[in-house]
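Everything below belongs to query_33.cif, which stores mmCIF, C-alpha atoms.
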data_entry
loop_
_atom_site.label_atom_id
_atom_site.label_comp_id
_atom_site.auth_asym_id
_atom_site.auth_seq_id
_atom_site.Cartn_x
_atom_site.Cartn_y
_atom_site.Cartn_z
CA MET C 1369 187.87 99.26 60.19
CA ASP C 1370 189.32 97.34 57.24
CA SER C 1371 187.76 94.31 55.57
CA SER C 1372 189.70 91.84 57.77
CA GLY C 1373 188.30 93.59 60.87
CA ASN C 1374 184.79 93.27 59.49
CA LYS C 1375 185.34 89.56 58.79
CA SER C 1376 186.62 88.99 62.35
CA PHE C 1377 183.67 90.88 63.83
CA PHE C 1378 181.23 89.00 61.59
CA GLY C 1379 182.80 85.63 62.53
CA LEU C 1380 182.62 86.49 66.24
CA ALA C 1381 178.97 87.53 65.88
CA ILE C 1382 178.09 84.26 64.11
CA PHE C 1383 179.95 82.23 66.76
CA THR C 1384 178.17 84.12 69.59
CA LEU C 1385 174.80 83.59 67.93
CA PHE C 1386 175.57 79.88 67.55
CA LEU C 1387 176.46 79.63 71.26
CA LEU C 1388 173.26 81.41 72.27
CA ILE C 1389 171.10 79.14 70.14
CA PHE C 1390 172.91 76.01 71.30
CA SER C 1391 172.77 77.06 74.96
CA ALA C 1392 169.07 77.89 74.82
CA GLY C 1393 168.33 74.56 73.20
CA SER C 1394 170.34 72.57 75.69
CA CYS C 1395 168.80 74.39 78.66
CA SER C 1396 165.30 73.49 77.61
CA ILE C 1397 166.31 69.90 76.94
CA LEU C 1398 167.99 69.57 80.33
CA SER C 1399 165.07 71.14 82.17
CA SER C 1400 162.52 68.81 80.58
CA PRO C 1401 161.81 65.47 82.22
CA LEU C 1402 163.60 62.74 80.37
CA ILE C 1403 161.57 59.87 81.83
CA GLN C 1404 158.26 59.53 83.65
CA GLU C 1405 157.57 56.28 85.47
CA GLU C 1406 154.46 55.25 87.35
CA ALA C 1407 154.85 55.28 91.09
CA ILE C 1408 155.13 51.71 92.26
CA PRO C 1409 152.52 50.62 94.83
CA GLU C 1410 155.06 50.82 97.68
CA THR C 1411 155.88 54.45 96.82
CA ALA C 1412 152.20 55.37 96.53
CA ASP C 1413 151.52 53.68 99.88
CA ARG C 1414 154.40 55.61 101.51
CA ALA C 1415 152.99 58.85 100.08
CA LEU C 1416 149.58 57.99 101.55
CA ARG C 1417 151.17 57.31 104.96
CA PHE C 1418 152.95 60.68 104.83
CA ALA C 1419 149.61 62.37 104.04
CA GLU C 1420 147.83 60.49 106.84
CA SER C 1421 150.53 61.62 109.29
CA LYS C 1422 149.42 65.21 108.59
CA ILE C 1423 145.71 64.70 109.42
CA GLY C 1424 144.74 67.62 111.67
CA SER C 1425 147.36 70.00 110.18
CA ASP C 1426 146.13 73.43 109.16
CA TYR C 1427 144.97 74.33 105.66
CA GLU C 1428 146.69 77.29 104.03
CA TRP C 1429 146.20 78.41 100.43
CA GLY C 1430 149.53 77.70 98.71
CA GLY C 1431 150.78 75.66 101.68
CA ASN C 1432 153.09 72.84 100.66
CA GLY C 1433 154.23 71.51 104.04
CA PRO C 1434 155.52 70.40 106.25
CA GLU C 1435 153.25 72.32 108.66
CA THR C 1436 150.43 73.75 106.50
CA PHE C 1437 148.96 72.52 103.22
CA ASP C 1438 146.52 73.14 100.43
CA CYS C 1439 145.24 70.17 98.43
CA SER C 1440 147.99 70.05 95.81
CA GLY C 1441 150.62 70.92 98.41
CA LEU C 1442 149.68 67.89 100.51
CA ILE C 1443 149.94 65.54 97.53
CA VAL C 1444 153.19 67.09 96.29
CA TRP C 1445 154.81 67.05 99.76
CA SER C 1446 153.68 63.46 100.38
CA TYR C 1447 155.15 62.17 97.12
CA GLN C 1448 158.34 64.21 97.47
CA SER C 1449 158.76 62.74 100.97
CA ALA C 1450 158.05 59.20 99.74
CA VAL C 1451 160.54 59.48 96.86
CA GLY C 1452 163.14 61.57 98.71
CA ASP C 1453 163.44 64.21 95.98
CA ASP C 1454 161.81 67.63 95.54
CA TYR C 1455 161.98 67.78 91.73
CA ILE C 1456 159.80 64.86 90.60
CA PHE C 1457 157.03 66.84 88.88
CA THR C 1458 156.68 68.64 85.58
CA ASP C 1459 154.58 71.57 84.45
CA GLY C 1460 154.87 70.37 80.88
CA SER C 1461 158.03 72.32 80.12
CA GLY C 1462 160.47 71.19 82.81
CA PHE C 1463 161.02 70.02 86.35
CA VAL C 1464 159.20 71.97 89.06
CA LYS C 1465 159.08 71.75 92.84
CA ASP C 1466 155.37 72.55 93.18
CA ILE C 1467 152.36 72.15 90.88
CA SER C 1468 148.68 72.96 90.82
CA MET C 1469 146.00 70.29 90.75
CA ALA C 1470 145.38 71.10 87.07
CA ALA C 1471 149.08 70.61 86.17
CA MET C 1472 149.11 67.41 88.22
CA TYR C 1473 146.12 66.12 86.24
CA LEU C 1474 147.51 67.16 82.85
CA PHE C 1475 151.19 66.23 83.17
CA ASN C 1476 151.84 64.05 86.23
CA VAL C 1477 149.39 61.15 86.32
CA ARG C 1478 148.18 58.30 84.17
CA SER C 1479 144.38 58.27 84.16
CA LEU C 1480 142.76 55.26 85.81
CA GLU C 1481 139.39 53.60 85.83
CA PRO C 1482 137.95 53.22 89.35
CA ILE C 1483 138.52 49.46 89.26
CA ASP C 1484 142.30 50.04 88.80
CA VAL C 1485 142.74 52.50 91.68
CA LEU C 1486 145.14 51.58 94.51
CA PRO C 1487 145.91 53.29 97.84
CA GLY C 1488 148.02 56.40 97.26
CA ASP C 1489 146.58 57.10 93.81
CA ILE C 1490 145.06 60.53 93.26
CA ILE C 1491 141.42 61.62 93.12
CA PHE C 1492 140.60 64.78 91.15
CA PHE C 1493 137.55 67.01 91.58
CA ALA C 1494 136.26 69.51 89.04
CA ASP C 1495 133.86 72.45 89.25
CA GLU C 1496 130.78 73.12 87.10
CA ASP C 1497 133.05 74.23 84.25
CA ASP C 1498 134.99 70.92 84.51
CA TYR C 1499 138.13 72.73 85.71
CA ILE C 1500 140.25 70.71 88.17
CA VAL C 1501 139.89 72.43 91.56
CA HIS C 1502 140.67 69.86 94.26
CA GLY C 1503 142.28 66.51 94.95
CA GLY C 1504 143.51 64.03 97.50
CA LEU C 1505 145.31 60.74 98.05
CA ILE C 1506 143.05 57.70 97.92
CA ARG C 1507 142.81 55.37 100.91
CA GLU C 1508 140.33 52.92 99.41
CA ILE C 1509 137.61 52.70 96.80
CA ASP C 1510 134.66 50.38 96.26
CA SER C 1511 131.80 50.26 93.77
CA SER C 1512 129.95 53.17 95.34
CA SER C 1513 132.39 55.42 97.26
CA VAL C 1514 135.97 56.50 97.72
CA SER C 1515 137.82 57.50 100.89
CA PHE C 1516 140.81 59.80 100.66
CA VAL C 1517 143.07 62.21 102.57
CA ASN C 1518 142.95 65.85 101.51
CA ALA C 1519 143.65 69.38 102.68
CA ALA C 1520 140.14 70.79 102.68
CA SER C 1521 138.86 74.32 103.09
CA PRO C 1522 135.09 74.65 102.71
CA ASP C 1523 135.33 78.46 102.75
CA GLY C 1524 138.65 78.75 100.91
CA THR C 1525 140.51 80.19 103.89
CA THR C 1526 140.27 77.86 106.89
CA GLY C 1527 140.34 74.12 107.17
CA GLU C 1528 142.62 71.20 107.79
CA VAL C 1529 144.06 67.99 106.45
CA GLU C 1530 141.36 65.38 106.90
CA ALA C 1531 140.08 62.02 105.76
CA GLY C 1532 136.93 62.22 103.67
CA THR C 1533 134.54 59.94 101.83
CA TRP C 1534 132.54 60.70 98.68
CA ASP C 1535 129.99 58.73 96.78
CA LEU C 1536 131.29 58.17 93.26
CA ASN C 1537 128.34 60.08 91.75
CA GLN C 1538 128.17 62.80 94.41
CA ILE C 1539 128.06 66.49 93.58
CA SER C 1540 128.79 68.79 96.50
CA GLY C 1541 129.50 72.50 96.51
CA GLY C 1542 129.40 72.41 92.72
CA GLN C 1543 132.23 69.86 92.63
CA HIS C 1544 132.22 66.35 91.18
CA ILE C 1545 134.79 63.61 90.79
CA LYS C 1546 136.63 64.26 87.53
CA GLY C 1547 138.82 61.19 87.61
CA PHE C 1548 141.58 59.16 89.18
CA GLY C 1549 145.27 58.97 88.40
CA ARG C 1550 148.46 57.09 89.20
CA MET C 1551 151.34 59.46 89.93
CA LEU C 1552 154.10 59.66 87.33
CA ILE C 1553 157.51 60.36 88.82
CA SER C 1554 159.67 62.55 86.55
CA TYR C 1555 163.41 61.86 86.34
#

Here is a file; write its structure as structure tokens.
Amino acid sequence: MDSSGNKSFFGLAIFTLFLLIFSAGSCSILSSPLIQEEAIPETADRALRFAESKIGSDYEWGGNGPETFDCSGLIVWSYQSAVGDDYIFTDGSGFVKDISMAAMYLFNVRSLEPIDVLPGDIIFFADEDDYIVHGGLIREIDSSSVSFVNAASPDGTTGEVEAGTWDLNQISGGQHIKGFGRMLISY
């Protein structure tokens, strides 16, 4: 190969490298949420109504509806149904169709004080290590307790979607209320 062939090959290699770098950068930008907006009260209320319509449905680990649910699956399905879009959540690096309770807490809600909670907001429960392990959609809250809809499984394998009530300072099964959040819809 002569020197002009080497220059052509080198130019093509540089151009290819540029395309790869540019493509990788634009993919990550496009997959990241550009905007997160708080769910308006009407959307949160619709999500709550969707969750309430599933009371009595079976619990299934990893279930995300419309027939079986785990706790995060019920919340995710309810909000997706209320908004009319499957890709409204983020895992911190891009749009996702399903998320864990921990990812919901970290990337998809604005933390709230109990006095600011509205129907359809999210309640989060943590274990003894303060790791988010459970959640539900809030029906109502007062100065001493909160009622919510959740997909519960006391033994981790069987259960159902149900309405529950907890005292705000209650500890049960090693779980306590970690906090409350207003859903952020990713666009």

Set the distance at 9 Å and use all atoms listed in the file: which residues neighbour C:Pro1487 once local chain neighbours fewer than 5 positions away are removed? I'd like the list as a list in words. Pro1409, Ala1412, Asp1413, Leu1416, Leu1505, Ile1506, Arg1507, Glu1508, Ile1509 and Phe1516 of chain C

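Of the residues under consideration (C:Ala1471, C:Gly1433, C:Asp1454, C:Glu1406), C:Ala1471 shows the shortest atom-to-atom contact distance to C:Val1501 when counting all atoms listed in the file.
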
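Nearest residue to C:Gly1524, choosing from C:Trp1429, C:Phe1418, C:Tyr1455, C:Trp1445 and counting only C-alpha atoms: C:Trp1429.
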
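Selection check: the PyMOL selection byres ((chain C and resi 1439) around 7) on the shown file gives C:Phe1437, C:Asp1438, C:Ser1440, C:Gly1441, C:Leu1442, C:Ile1443, C:His1502, C:Gly1503, C:Gly1504, C:Asn1518, C:Ala1519, C:Ala1520.
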
Assuming the chain letters and numbering stay as they are in my file, what does the PyMOL selection byres ((chain C and resi 1532-1540) around 8) actually select? List them as a PyMOL selection string. chain C and resi 1511-1518+1530-1531+1541-1545

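For the set C:Asp1497, C:Ala1419, C:Ser1449, C:Phe1475, the residue with the smallest atom-to-atom gap to C:Ser1461 is C:Phe1475, counting only C-alpha atoms.
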
Between atom CA of C:Asn1432 and atom CA of C:Glu1496, distance in Å (one decimal): 26.1 Å

To one decimal place, how far is atom CA of C:Val1485 from atom CA of C:Met1472 in Å? 16.6 Å

Fewer than 2 positions away in the same chain doesn't count, so skip those; otherwise give me all residues within 12 Å of C:Leu1474, counting all atoms listed in the file, as a ChimeraX atom specification. /C:1457-1460,1467-1472,1476-1479,1492,1499-1500,1547-1552

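Separating atom CA of C:Gln1404 from atom CA of C:Val1451 is a distance of 13.4 Å.
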
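With all atoms listed in the file as the atoms that count, the minimum distance from C:Asp1489 to the choices C:Ser1521, C:Ser1554, C:Ile1408, C:Lys1422 is reached by C:Ile1408.
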
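Shortest atom-to-atom contact with C:Tyr1447 among C:Gly1488, C:Pro1522, C:Gly1527, C:Pro1434: C:Gly1488, counting all atoms listed in the file.
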
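Each of C:Leu1486, C:Thr1526, C:Lys1546, C:Asp1453 was compared to C:Gly1431 using all atoms listed in the file, and C:Thr1526 turns out to be the nearest.
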
Would you compute an axis-aligned box for stretch 1445-1454 of chain C, covering every atom listed for it in the file with 4 Å of margin on each side, and report centre and edge lengths in Å to one decimal as AutoDock Vina command-line options?
--center_x 158.6 --center_y 63.4 --center_z 98.3 --size_x 17.8 --size_y 16.4 --size_z 13.4
